[in-house]
>>> print(open('target-v4.cif').read())   # mmCIF, C-alpha atoms
data_my_file
#
loop_
_atom_site.label_atom_id
_atom_site.label_comp_id
_atom_site.auth_asym_id
_atom_site.auth_seq_id
_atom_site.Cartn_x
_atom_site.Cartn_y
_atom_site.Cartn_z
CA MET H 1 50.13 54.94 -47.47
CA ALA H 2 47.47 53.32 -45.28
CA GLU H 3 50.06 52.66 -42.59
CA THR H 4 51.16 56.26 -42.46
CA ALA H 5 47.54 57.41 -42.45
CA HIS H 6 46.83 55.29 -39.42
CA THR H 7 49.90 56.32 -37.52
CA THR H 8 49.30 60.01 -38.09
CA ALA H 9 45.62 59.63 -37.30
CA GLU H 10 46.66 58.11 -34.04
CA VAL H 11 48.61 61.23 -33.14
CA GLN H 12 46.22 63.83 -34.45
CA HIS H 13 43.41 64.27 -36.98
CA GLY H 14 43.91 67.87 -37.99
CA GLY H 15 47.13 68.00 -39.91
CA GLY H 16 48.20 66.71 -43.28
CA HIS H 17 46.34 65.05 -46.14
CA SER H 18 45.91 61.77 -44.30
CA GLY H 19 44.26 63.57 -41.37
CA VAL H 20 41.41 65.00 -43.52
CA PHE H 21 38.06 64.08 -42.05
CA PRO H 22 37.07 61.23 -44.43
CA PRO H 23 33.57 62.51 -45.35
CA PHE H 24 35.12 65.83 -46.41
CA ASP H 25 38.00 64.27 -48.33
CA SER H 26 37.26 65.57 -51.83
CA THR H 27 39.68 63.13 -53.47
CA THR H 28 37.13 60.35 -52.89
CA PHE H 29 34.15 62.34 -54.25
CA ALA H 30 34.54 61.41 -57.92
CA SER H 31 34.67 57.71 -57.19
CA GLN H 32 31.74 57.87 -54.79
CA ILE H 33 29.59 59.86 -57.24
CA LEU H 34 30.38 57.43 -60.05
CA TRP H 35 29.65 54.31 -58.04
CA LEU H 36 26.55 55.84 -56.46
CA ALA H 37 25.26 56.70 -59.95
CA ILE H 38 25.94 53.15 -61.14
CA THR H 39 24.48 51.35 -58.11
CA PHE H 40 21.53 53.66 -57.53
CA GLY H 41 20.76 53.75 -61.24
CA LEU H 42 20.74 49.96 -61.31
CA PHE H 43 18.62 49.89 -58.17
CA TYR H 44 16.14 52.33 -59.71
CA VAL H 45 15.81 50.20 -62.83
CA LEU H 46 15.36 47.02 -60.77
CA MET H 47 12.70 48.68 -58.63
CA ALA H 48 10.83 50.30 -61.52
CA LYS H 49 10.94 47.28 -63.87
CA VAL H 50 10.86 44.24 -61.58
CA VAL H 51 10.01 44.77 -57.93
CA LEU H 52 7.36 47.49 -57.94
CA PRO H 53 5.21 46.05 -60.77
CA ARG H 54 5.40 42.70 -58.96
CA ILE H 55 4.34 43.97 -55.51
CA GLY H 56 1.83 46.34 -57.10
CA GLY H 57 0.40 43.40 -59.03
CA ILE H 58 0.07 41.31 -55.87
CA LEU H 59 -1.74 44.15 -54.09
CA GLU H 60 -3.99 44.79 -57.06
CA VAL H 61 -4.92 41.12 -57.41
CA ARG H 62 -5.74 40.98 -53.71
CA HIS H 63 -7.73 44.22 -53.93
CA ASP H 64 -9.70 42.91 -56.91
CA ARG H 65 -10.24 39.58 -55.22
CA ILE H 66 -11.56 41.19 -52.04
CA ALA H 67 -13.78 43.55 -54.03
CA GLY H 68 -15.05 40.58 -56.08
CA ASP H 69 -15.70 38.53 -52.97
CA LEU H 70 -17.57 41.38 -51.32
CA GLU H 71 -19.67 41.83 -54.42
CA GLU H 72 -20.41 38.10 -54.52
CA ALA H 73 -21.31 38.18 -50.82
CA ASN H 74 -23.66 41.11 -51.40
CA ARG H 75 -25.25 39.32 -54.33
CA LEU H 76 -25.76 36.16 -52.28
CA LYS H 77 -27.15 38.20 -49.41
CA ALA H 78 -29.64 39.91 -51.72
CA GLU H 79 -30.56 36.52 -53.14
CA SER H 80 -31.15 34.98 -49.74
CA GLU H 81 -33.15 38.01 -48.69
CA ALA H 82 -35.29 37.67 -51.80
CA ALA H 83 -35.79 33.97 -51.04
CA GLY H 84 -36.75 34.85 -47.48
CA ALA H 85 -39.24 37.42 -48.69
CA ALA H 86 -40.72 34.92 -51.16
CA TYR H 87 -41.01 32.35 -48.37
CA GLU H 88 -42.74 34.88 -46.10
CA LYS H 89 -45.09 35.79 -48.93
CA ALA H 90 -45.91 32.15 -49.67
CA LEU H 91 -46.44 31.51 -45.97
CA ALA H 92 -48.82 34.48 -45.65
CA GLU H 93 -50.71 33.35 -48.74
CA ALA H 94 -50.98 29.81 -47.46
CA ARG H 95 -52.22 31.11 -44.13
CA ARG H 96 -54.78 33.26 -45.88
CA ASN H 97 -55.87 30.30 -48.04
CA ALA H 98 -56.13 28.07 -44.99
CA GLN H 99 -58.26 30.65 -43.21
CA GLY H 100 -60.46 30.94 -46.29
CA ILE H 101 -60.89 27.19 -46.50
CA ALA H 102 -61.62 26.96 -42.78
CA ALA H 103 -64.21 29.75 -42.96
CA GLU H 104 -65.81 28.20 -46.01
CA THR H 105 -65.94 24.79 -44.39
CA ARG H 106 -67.35 26.26 -41.22
CA ALA H 107 -70.02 28.14 -43.19
CA LYS H 108 -70.87 25.05 -45.21
CA LEU H 109 -71.12 22.89 -42.13
CA ALA H 110 -73.21 25.50 -40.34
CA ALA H 111 -75.52 25.74 -43.32
CA GLU H 112 -75.83 21.97 -43.51
CA VAL H 113 -76.53 21.69 -39.81
CA ASP H 114 -79.07 24.49 -40.06
CA ALA H 115 -80.76 22.85 -42.96
CA LYS H 116 -80.91 19.52 -41.15
CA ARG H 117 -82.20 21.20 -38.04
CA HIS H 118 -84.83 23.04 -40.05
CA ALA H 119 -85.86 19.83 -41.70
CA ALA H 120 -86.03 18.04 -38.36
CA GLU H 121 -87.96 20.89 -36.78
CA ALA H 122 -90.36 20.98 -39.70
CA GLY H 123 -90.92 17.20 -39.41
CA LEU H 124 -91.44 17.45 -35.69
CA SER H 125 -93.91 20.33 -35.88
CA GLY H 126 -95.80 18.40 -38.59
CA LYS H 127 -96.03 15.45 -36.29
CA ILE H 128 -97.06 17.72 -33.42
CA THR H 129 -99.88 19.30 -35.42
CA GLU H 130 -100.96 15.88 -36.57
CA ALA H 131 -100.92 14.63 -33.01
CA GLU H 132 -102.78 17.71 -31.84
CA ALA H 133 -105.36 17.17 -34.57
CA ARG H 134 -105.75 13.55 -33.54
CA ILE H 135 -106.04 14.57 -29.90
CA ALA H 136 -108.69 17.14 -30.81
CA GLU H 137 -110.50 14.56 -32.88
CA ILE H 138 -110.37 12.01 -30.10
CA LYS H 139 -111.47 14.71 -27.69
CA THR H 140 -114.48 15.73 -29.77
CA LYS H 141 -115.29 12.13 -30.38
CA ALA H 142 -115.02 11.44 -26.67
CA LEU H 143 -117.01 14.51 -25.83
CA GLY H 144 -119.69 13.36 -28.33
CA GLU H 145 -119.79 10.01 -26.67
CA VAL H 146 -120.09 11.68 -23.24
CA ASP H 147 -123.62 12.88 -24.09
CA GLY H 148 -124.64 9.36 -25.13
CA ILE H 149 -123.14 7.91 -21.98
CA ALA H 150 -124.90 10.63 -19.92
CA VAL H 151 -128.17 9.85 -21.58
CA ASP H 152 -127.67 6.11 -21.01
CA THR H 153 -126.65 6.75 -17.41
CA THR H 154 -129.70 9.04 -16.90
CA GLU H 155 -132.02 6.38 -18.30
CA ALA H 156 -130.46 3.73 -16.14
CA LEU H 157 -130.53 5.95 -13.01
CA ILE H 158 -134.13 6.91 -13.52
CA ALA H 159 -135.13 3.31 -14.17
CA ALA H 160 -133.37 2.28 -11.01
CA LEU H 161 -134.82 5.11 -8.92
CA ILE H 162 -138.40 5.20 -10.03
CA GLY H 163 -138.65 1.80 -11.64
CA GLU H 164 -139.99 2.98 -14.91
CA GLN H 165 -138.64 3.58 -18.30
CA VAL H 166 -138.38 7.20 -19.45
CA GLY H 167 -138.30 7.98 -23.07
CA ARG H 168 -135.01 8.40 -24.79
CA ASP H 169 -135.90 11.89 -25.90
CA ASP H 170 -136.69 12.99 -22.37
CA ALA H 171 -133.37 11.72 -21.16
CA VAL H 172 -131.53 13.56 -23.94
CA ALA H 173 -133.45 16.74 -23.11
CA ALA H 174 -132.66 16.39 -19.44
CA VAL H 175 -128.95 15.91 -20.06
CA ALA H 176 -128.89 18.85 -22.46
CA ALA H 177 -130.62 20.98 -19.81
CA VAL H 178 -128.01 20.02 -17.21
CA THR H 179 -124.96 20.51 -19.44
CA GLY H 180 -126.40 23.73 -20.75
CA LYS H 181 -126.64 22.80 -24.32
CA MET E 1 46.99 49.45 -35.05
CA ALA E 2 45.41 49.06 -31.62
CA ALA E 3 44.56 52.76 -31.68
CA ASP E 4 42.15 52.09 -34.59
CA LYS E 5 39.84 50.37 -32.17
CA VAL E 6 39.18 53.61 -30.30
CA ASP E 7 39.53 56.03 -33.19
CA PRO E 8 35.91 57.03 -33.89
CA ILE E 9 36.78 58.51 -37.29
CA HIS E 10 38.50 55.43 -38.67
CA GLN E 11 35.18 53.78 -39.51
CA PHE E 12 34.51 56.47 -42.15
CA GLN E 13 37.87 55.93 -43.87
CA ILE E 14 37.59 55.08 -47.53
CA THR E 15 39.95 52.38 -48.71
CA LYS E 16 40.55 51.46 -52.32
CA LEU E 17 39.70 47.89 -53.17
CA VAL E 18 40.22 48.04 -56.94
CA PRO E 19 42.18 51.13 -57.96
CA ILE E 20 40.81 52.70 -61.15
CA HIS E 21 42.31 55.90 -62.51
CA VAL E 22 40.98 57.73 -65.53
CA GLY E 23 43.43 60.46 -66.31
CA HIS E 24 43.90 62.31 -63.07
CA VAL E 25 40.50 61.33 -61.72
CA ASP E 26 40.40 58.58 -59.12
CA LEU E 27 37.39 56.35 -59.83
CA SER E 28 38.53 53.41 -57.72
CA PHE E 29 36.16 50.75 -56.50
CA THR E 30 36.33 51.43 -52.76
CA ASN E 31 34.76 50.00 -49.63
CA SER E 32 32.09 52.69 -50.12
CA SER E 33 31.35 51.35 -53.61
CA LEU E 34 31.26 47.83 -52.21
CA PHE E 35 28.62 48.76 -49.66
CA MET E 36 26.60 50.69 -52.26
CA ALA E 37 26.54 47.49 -54.28
CA ALA E 38 25.75 45.50 -51.14
CA THR E 39 22.85 47.83 -50.37
CA VAL E 40 21.43 47.37 -53.85
CA ILE E 41 21.88 43.59 -53.76
CA VAL E 42 20.43 43.14 -50.26
CA ALA E 43 17.44 45.41 -50.92
CA THR E 44 16.71 43.89 -54.33
CA LEU E 45 17.12 40.29 -53.25
CA PHE E 46 14.95 40.88 -50.20
CA LEU E 47 12.15 42.48 -52.20
CA VAL E 48 12.36 39.93 -55.00
CA PHE E 49 12.37 36.89 -52.72
CA ALA E 50 9.78 38.34 -50.37
CA SER E 51 7.38 38.88 -53.25
CA SER E 52 8.24 35.66 -55.10
CA GLY E 53 5.38 33.74 -53.47
CA ARG E 54 2.80 36.18 -54.83
CA SER E 55 0.42 34.66 -52.33
CA LEU E 56 -3.02 36.10 -51.82
CA VAL E 57 -2.53 35.85 -48.07
CA PRO E 58 1.00 37.17 -47.50
CA GLY E 59 3.62 35.49 -45.36
CA ARG E 60 5.66 37.63 -43.01
CA TRP E 61 8.39 38.49 -45.55
CA GLN E 62 5.91 39.28 -48.25
CA LEU E 63 4.03 41.41 -45.75
CA VAL E 64 7.16 43.45 -45.02
CA ALA E 65 7.69 44.03 -48.75
CA GLU E 66 4.02 44.96 -49.22
CA MET E 67 4.11 47.24 -46.19
CA SER E 68 7.14 49.15 -47.47
CA TYR E 69 5.38 49.49 -50.82
CA SER E 70 2.11 50.78 -49.34
CA PHE E 71 3.98 52.93 -46.84
CA VAL E 72 5.90 54.83 -49.51
CA ALA E 73 2.87 54.90 -51.82
CA ASN E 74 0.65 56.38 -49.11
CA THR E 75 3.28 58.91 -48.06
CA LEU E 76 3.70 60.06 -51.64
CA ARG E 77 -0.04 60.14 -52.36
CA ASP E 78 -0.76 62.11 -49.17
CA ALA E 79 1.95 64.69 -49.90
CA ALA E 80 1.79 65.06 -53.67
CA GLY E 81 -1.59 63.68 -54.67
CA LYS E 82 -2.36 61.19 -57.42
CA ALA E 83 -0.16 63.04 -59.93
CA GLY E 84 2.79 62.40 -57.63
CA MET E 85 2.53 58.65 -58.23
CA GLN E 86 4.55 59.02 -61.47
CA PHE E 87 7.56 59.55 -59.17
CA PHE E 88 6.76 56.46 -57.11
CA PRO E 89 9.67 54.32 -58.44
CA MET E 90 12.15 57.09 -57.63
CA VAL E 91 10.77 57.79 -54.16
CA PHE E 92 10.57 54.09 -53.35
CA SER E 93 14.14 53.53 -54.58
CA LEU E 94 15.38 56.43 -52.45
CA PHE E 95 13.56 55.18 -49.36
CA MET E 96 14.74 51.59 -49.72
CA PHE E 97 18.29 52.60 -50.65
CA VAL E 98 18.70 54.96 -47.69
CA LEU E 99 16.96 52.60 -45.27
CA VAL E 100 18.97 49.53 -46.26
CA ALA E 101 22.20 51.55 -46.34
CA ASN E 102 21.50 52.90 -42.83
CA LEU E 103 20.61 49.46 -41.49
CA LEU E 104 23.63 47.77 -43.10
CA GLY E 105 25.77 50.41 -41.44
CA MET E 106 24.51 49.19 -38.08
CA ILE E 107 26.31 45.87 -38.53
CA PRO E 108 29.76 45.98 -36.85
CA TYR E 109 32.69 46.54 -39.25
CA PHE E 110 30.28 47.51 -42.02
CA PHE E 111 30.72 50.78 -43.83
CA THR E 112 27.88 53.33 -43.64
CA ILE E 113 27.60 54.96 -47.06
CA THR E 114 25.05 57.53 -45.84
CA SER E 115 27.66 58.89 -43.39
CA HIS E 116 29.40 60.50 -46.35
CA ILE E 117 28.09 63.93 -47.29
CA ILE E 118 28.79 63.43 -50.98
CA VAL E 119 26.44 60.42 -51.13
CA THR E 120 23.56 62.11 -49.33
CA PHE E 121 24.19 65.30 -51.31
CA CYS E 122 23.96 63.41 -54.61
CA LEU E 123 20.69 61.82 -53.51
CA ALA E 124 19.36 65.23 -52.43
CA MET E 125 20.43 66.76 -55.75
CA LEU E 126 18.64 63.97 -57.58
CA VAL E 127 15.45 65.03 -55.78
CA ILE E 128 15.91 68.77 -56.25
CA GLY E 129 17.07 68.26 -59.84
CA THR E 130 13.94 66.24 -60.55
CA VAL E 131 11.80 68.96 -58.94
CA VAL E 132 13.38 71.74 -61.00
CA VAL E 133 13.49 69.88 -64.32
CA PHE E 134 9.97 68.46 -64.00
CA GLY E 135 8.60 71.77 -62.67
CA ILE E 136 9.96 73.80 -65.56
CA TRP E 137 9.13 71.18 -68.17
CA LYS E 138 5.54 70.89 -66.91
CA HIS E 139 4.75 74.47 -65.91
CA GLY E 140 7.33 76.55 -67.79
CA PHE E 141 7.83 80.01 -66.34
CA HIS E 142 4.86 79.49 -64.02
CA PHE E 143 7.05 77.18 -61.95
CA PHE E 144 8.84 80.23 -60.57
CA GLY E 145 5.54 81.33 -59.06
CA LEU E 146 6.70 78.99 -56.31
CA PHE E 147 8.89 81.82 -55.07
CA VAL E 148 6.12 84.44 -55.04
CA PRO E 149 3.45 83.44 -52.54
CA GLN E 150 -0.02 84.78 -53.23
CA GLY E 151 -1.70 87.30 -50.93
CA VAL E 152 1.52 89.01 -49.90
CA PRO E 153 1.49 92.86 -49.95
CA MET E 154 3.40 94.25 -52.95
CA ALA E 155 5.94 95.98 -50.70
CA LEU E 156 6.92 92.68 -49.15
CA VAL E 157 7.09 90.66 -52.38
CA PRO E 158 10.84 91.23 -53.02
CA LEU E 159 11.73 90.30 -49.46
CA VAL E 160 9.48 87.26 -49.35
CA THR E 161 10.69 86.12 -52.77
CA MET E 162 14.28 86.38 -51.61
CA ILE E 163 13.48 84.33 -48.50
CA GLU E 164 11.68 81.76 -50.65
CA VAL E 165 14.63 81.50 -53.05
CA ILE E 166 17.08 81.05 -50.19
CA SER E 167 14.77 78.48 -48.60
CA PHE E 168 14.56 76.62 -51.92
CA LEU E 169 18.32 76.68 -52.42
CA SER E 170 18.95 75.46 -48.89
CA ARG E 171 16.73 72.44 -49.44
CA PRO E 172 19.36 70.15 -50.99
CA ILE E 173 21.78 71.18 -48.26
CA SER E 174 19.37 70.60 -45.38
CA LEU E 175 18.12 67.37 -46.96
CA SER E 176 21.63 65.95 -47.37
CA VAL E 177 23.19 67.35 -44.19
CA ARG E 178 20.32 66.05 -42.03
CA LEU E 179 20.86 62.45 -43.12
CA PHE E 180 24.65 62.69 -43.24
CA ALA E 181 25.00 64.38 -39.83
CA ASN E 182 22.58 61.99 -38.13
CA MET E 183 24.39 58.92 -39.38
CA LEU E 184 27.85 60.37 -38.76
CA ALA E 185 27.10 61.64 -35.26
CA GLY E 186 25.32 58.43 -34.30
CA HIS E 187 28.19 56.22 -35.42
CA ILE E 188 30.81 58.45 -33.78
CA THR E 189 28.92 58.47 -30.47
CA LEU E 190 28.50 54.72 -30.63
CA LYS E 191 32.18 54.24 -31.33
CA VAL E 192 33.23 56.66 -28.57
CA PHE E 193 31.17 54.88 -25.93
CA ALA E 194 32.30 51.48 -27.16
CA GLY E 195 35.89 52.81 -27.08
CA PHE E 196 35.41 53.84 -23.44
CA VAL E 197 34.49 50.27 -22.61
CA VAL E 198 37.65 48.97 -24.25
CA THR E 199 40.04 51.53 -22.71
CA LEU E 200 38.47 51.39 -19.26
CA SER E 201 38.43 47.61 -19.01
CA ALA E 202 42.11 47.64 -19.97
CA ALA E 203 42.74 49.59 -16.75
CA GLY E 204 42.10 46.72 -14.35
CA ALA E 205 39.22 45.74 -12.03
CA VAL E 206 38.10 49.30 -11.26
CA GLY E 207 38.09 50.06 -14.94
CA VAL E 208 35.95 47.01 -15.69
CA ALA E 209 33.43 48.14 -13.06
CA GLY E 210 33.52 51.66 -14.47
CA SER E 211 32.96 50.44 -18.00
CA ILE E 212 29.47 49.20 -17.15
CA LEU E 213 27.96 52.65 -17.64
CA PRO E 214 29.40 53.30 -21.13
CA LEU E 215 28.47 49.73 -22.08
CA ALA E 216 24.87 50.39 -21.06
CA MET E 217 25.01 53.62 -23.04
CA ALA E 218 26.39 51.80 -26.08
CA VAL E 219 23.52 49.30 -25.88
CA ALA E 220 20.94 52.05 -25.54
CA LEU E 221 22.55 54.04 -28.37
CA THR E 222 22.46 50.99 -30.61
CA ALA E 223 18.70 50.81 -30.15
CA LEU E 224 18.44 54.56 -30.76
CA GLU E 225 20.56 54.24 -33.91
CA PHE E 226 18.23 51.63 -35.33
CA LEU E 227 15.39 54.05 -34.76
CA VAL E 228 17.39 56.87 -36.34
CA ALA E 229 18.26 54.65 -39.31
CA PHE E 230 14.58 54.15 -40.04
CA LEU E 231 13.52 57.65 -39.07
CA GLN E 232 16.06 59.39 -41.29
CA ALA E 233 15.06 57.24 -44.26
CA TYR E 234 11.45 58.20 -43.53
CA VAL E 235 12.24 61.91 -43.13
CA PHE E 236 14.22 61.87 -46.37
CA THR E 237 11.25 60.26 -48.13
CA VAL E 238 8.65 62.62 -46.68
CA LEU E 239 10.66 65.70 -47.60
CA THR E 240 11.23 64.28 -51.08
CA CYS E 241 7.46 63.87 -51.44
CA MET E 242 6.84 67.44 -50.26
CA TYR E 243 9.40 68.89 -52.67
CA LEU E 244 7.93 66.85 -55.52
CA ASN E 245 4.54 68.31 -54.61
CA ASP E 246 6.00 71.76 -55.31
CA ALA E 247 7.05 70.59 -58.76
CA ILE E 248 3.58 69.19 -59.51
CA HIS E 249 1.55 72.00 -57.93
CA PRO E 250 3.78 75.10 -57.97
CA GLY E 251 0.96 77.47 -56.93
CA HIS E 252 0.83 77.80 -53.15
#
>>> encode(input="target-v4.cif", output="structure tokens")
Amino acid sequence: MAETAHTTAEVQHGGGHSGVFPPFDSTTFASQILWLAITFGLFYVLMAKVVLPRIGGILEVRHDRIAGDLEEANRLKAESEAAGAAYEKALAEARRNAQGIAAETRAKLAAEVDAKRHAAEAGLSGKITEAEARIAEIKTKALGEVDGIAVDTTEALIAALIGEQVGRDDAVAAVAAVTGK
Amino acid sequence: MAADKVDPIHQFQITKLVPIHVGHVDLSFTNSSLFMAATVIVATLFLVFASSGRSLVPGRWQLVAEMSYSFVANTLRDAAGKAGMQFFPMVFSLFMFVLVANLLGMIPYFFTITSHIIVTFCLAMLVIGTVVVFGIWKHGFHFFGLFVPQGVPMALVPLVTMIEVISFLSRPISLSVRLFANMLAGHITLKVFAGFVVTLSAAGAVGVAGSILPLAMAVALTALEFLVAFLQAYVFTVLTCMYLNDAIHPGH
């Protein structure tokens, strides 16, 4: 049968049963439909029950894993940002504290220095007034002694000039007259 | 038998491997049945072994399996929405079956099951049958609203409805003939050009020189046929998704 089919096909395709264009040969349809139903049906079951759940599962696991990882990354990022903010806050606070301490120390030191200076100035001006008082005292004392010296000098001058002793009272009067007292 | 080498139709011949007769009906296990089984085995084994690692970071085989999964899933979801995903196993099976059958057919001496109209017609009827059965079961009489587009003037409704009915009825034919004709024509062209090479080179030195052109054509056509093998599987899948969308959302 196959031999005759080939030999006739070699001559021409149009005539006879063996020359029927194979895809349009209806005698093969029943067998093809049956075997297609069997094989495709089996294929469908294999796909639906084994392969697709498997690949779908792989994709789902990966999807979940990536989503989970992204979430974890976001959480960690938020955490690190919070830590950064806390650090910044602590730093600012420390800076503020340090400035406060520095200002306080400066004020304390300034006050101390001022107080010491005031004390020193007060001591010095006390000494100055004391010294001035002593100077004035010495001056008045000296000025008081000047009159005596003048009187003595007058007595001595007169005695040397005219060779006679003038009375003490006259000398005092004369000195007073000269100095305008 | 030498003539078989240049007979472009011979490759579509169905030969009985295990004759089975039930009454007067011939249900023999043929070379077509063998390659249907081969398609199922190759596709299943590939997908099972490719996904057996279940690794978080896929290897290249697993990636191919995952890509075909996401590819069909995205095509279906884009065309028919989330409700269309209930048909995902069917659409994926159709895509993989047609694709693997087309690609197996590209191997020399292998039989191309999708080059037989009855096979592609059965697959197309599976799609249209699913659309009709699911559409009526889900929407009842409202499913036939598919044939009456909204916003059409009353006078035109009978005409438009007739056109819609004809368009709907021609779907299984266009769906099956497109795949069948592409595979058939591609394989015939390939065989014809390859046959030229054989006959020409038998004609001496001049013939050998002259056979360079058909050889180049045969090489180029082989590349084209691989593209067509994938493209037709894709087109079949996309149209399936669009028809299923009509069953899920019959209102235009």
>>> residues_around(input="target-v4.cif", residues="Val165 in chain E", least_positions_apart="5", cutoff="9 Å", atoms="only C-alpha atoms", output="compact mmCIF listing (two decimals) with C-alpha atoms, in the coordinates of the input")
# COMPACT_ATOMS: atom_id res chain seq x y z
CA LEU E 146 6.70 78.99 -56.31
CA PHE E 147 8.89 81.82 -55.07
CA VAL E 160 9.48 87.26 -49.35
CA SER E 170 18.95 75.46 -48.89
>>> resolve_selection(input="target-v4.cif", expression="the PyMOL selection byres ((chain H) within 7 of (chain E))", output="list in words")
Glu10, Pro22, Pro23, Phe29, Ala30, Ser31, Gln32, Ile33, Trp35, Leu36, Thr39, Phe43, Tyr44, Met47, Ala48, Val51, Ile55, Ile58 and Arg62 of chain H
>>> closest_residue(input="target-v4.cif", among="E:Val100, E:Leu190, E:Leu179, E:Leu156", to="Glu225 in chain E", atoms="all atoms listed in the file")
E:Leu190
>>> resolve_selection(input="target-v4.cif", expression="the PyMOL selection byres ((chain E and resi 131) around 10)", output="PyMOL selection string")
chain E and resi 125-130+132-137+143+240+243-248
>>> closest_residue(input="target-v4.cif", among="E:Leu175, E:Val148, E:Val72, E:Val208", to="Met162 in chain E", atoms="only C-alpha atoms")
E:Val148
>>> resolve_selection(input="target-v4.cif", expression="the PyMOL selection byres ((chain H and resi 167) around 12)", output="list in words")
Val151, Asp152, Thr154, Glu155, Ala156, Ile158, Ala159, Glu164, Gln165, Val166, Arg168, Asp169, Asp170, Ala171, Val172, Ala173 and Ala174 of chain H
>>> decode(input="target-v4.cif", residues="range 23-28 of chain E", atoms="all heavy atoms", output="compact mmCIF listing (two decimals), in the first residue's frame")
# COMPACT_ATOMS: atom_id res chain seq x y z
N GLY E 23 -14.36 -1.21 14.84
CA GLY E 23 -15.41 -1.28 13.83
C GLY E 23 -14.83 -0.87 12.49
O GLY E 23 -13.82 -1.41 12.05
N HIS E 24 -15.46 0.16 11.90
CA HIS E 24 -14.95 0.63 10.62
C HIS E 24 -14.06 1.86 10.78
O HIS E 24 -13.57 2.40 9.81
CB HIS E 24 -16.11 0.95 9.68
CG HIS E 24 -16.82 -0.29 9.20
ND1 HIS E 24 -16.23 -1.19 8.34
CD2 HIS E 24 -18.05 -0.79 9.49
CE1 HIS E 24 -17.07 -2.18 8.12
NE2 HIS E 24 -18.19 -1.98 8.81
N VAL E 25 -13.94 2.29 12.06
CA VAL E 25 -13.16 3.52 12.30
C VAL E 25 -11.69 3.17 12.53
O VAL E 25 -11.36 2.28 13.31
CB VAL E 25 -13.72 4.29 13.52
CG1 VAL E 25 -13.07 5.66 13.61
CG2 VAL E 25 -15.23 4.43 13.40
N ASP E 26 -10.83 3.89 11.80
CA ASP E 26 -9.39 3.67 11.91
C ASP E 26 -8.83 4.58 13.00
O ASP E 26 -8.83 5.80 12.88
CB ASP E 26 -8.76 4.01 10.56
CG ASP E 26 -7.25 3.85 10.58
OD1 ASP E 26 -6.74 3.31 11.58
OD2 ASP E 26 -6.60 4.27 9.61
N LEU E 27 -8.42 3.99 14.12
CA LEU E 27 -7.88 4.78 15.23
C LEU E 27 -6.41 4.45 15.46
O LEU E 27 -5.91 4.51 16.58
CB LEU E 27 -8.69 4.51 16.51
CG LEU E 27 -10.18 4.90 16.46
CD1 LEU E 27 -10.88 4.45 17.73
CD2 LEU E 27 -10.34 6.39 16.27
N SER E 28 -5.72 4.13 14.38
CA SER E 28 -4.34 3.66 14.48
C SER E 28 -3.43 4.68 15.15
O SER E 28 -3.64 5.89 15.04
CB SER E 28 -3.79 3.37 13.09
OG SER E 28 -4.65 2.48 12.43
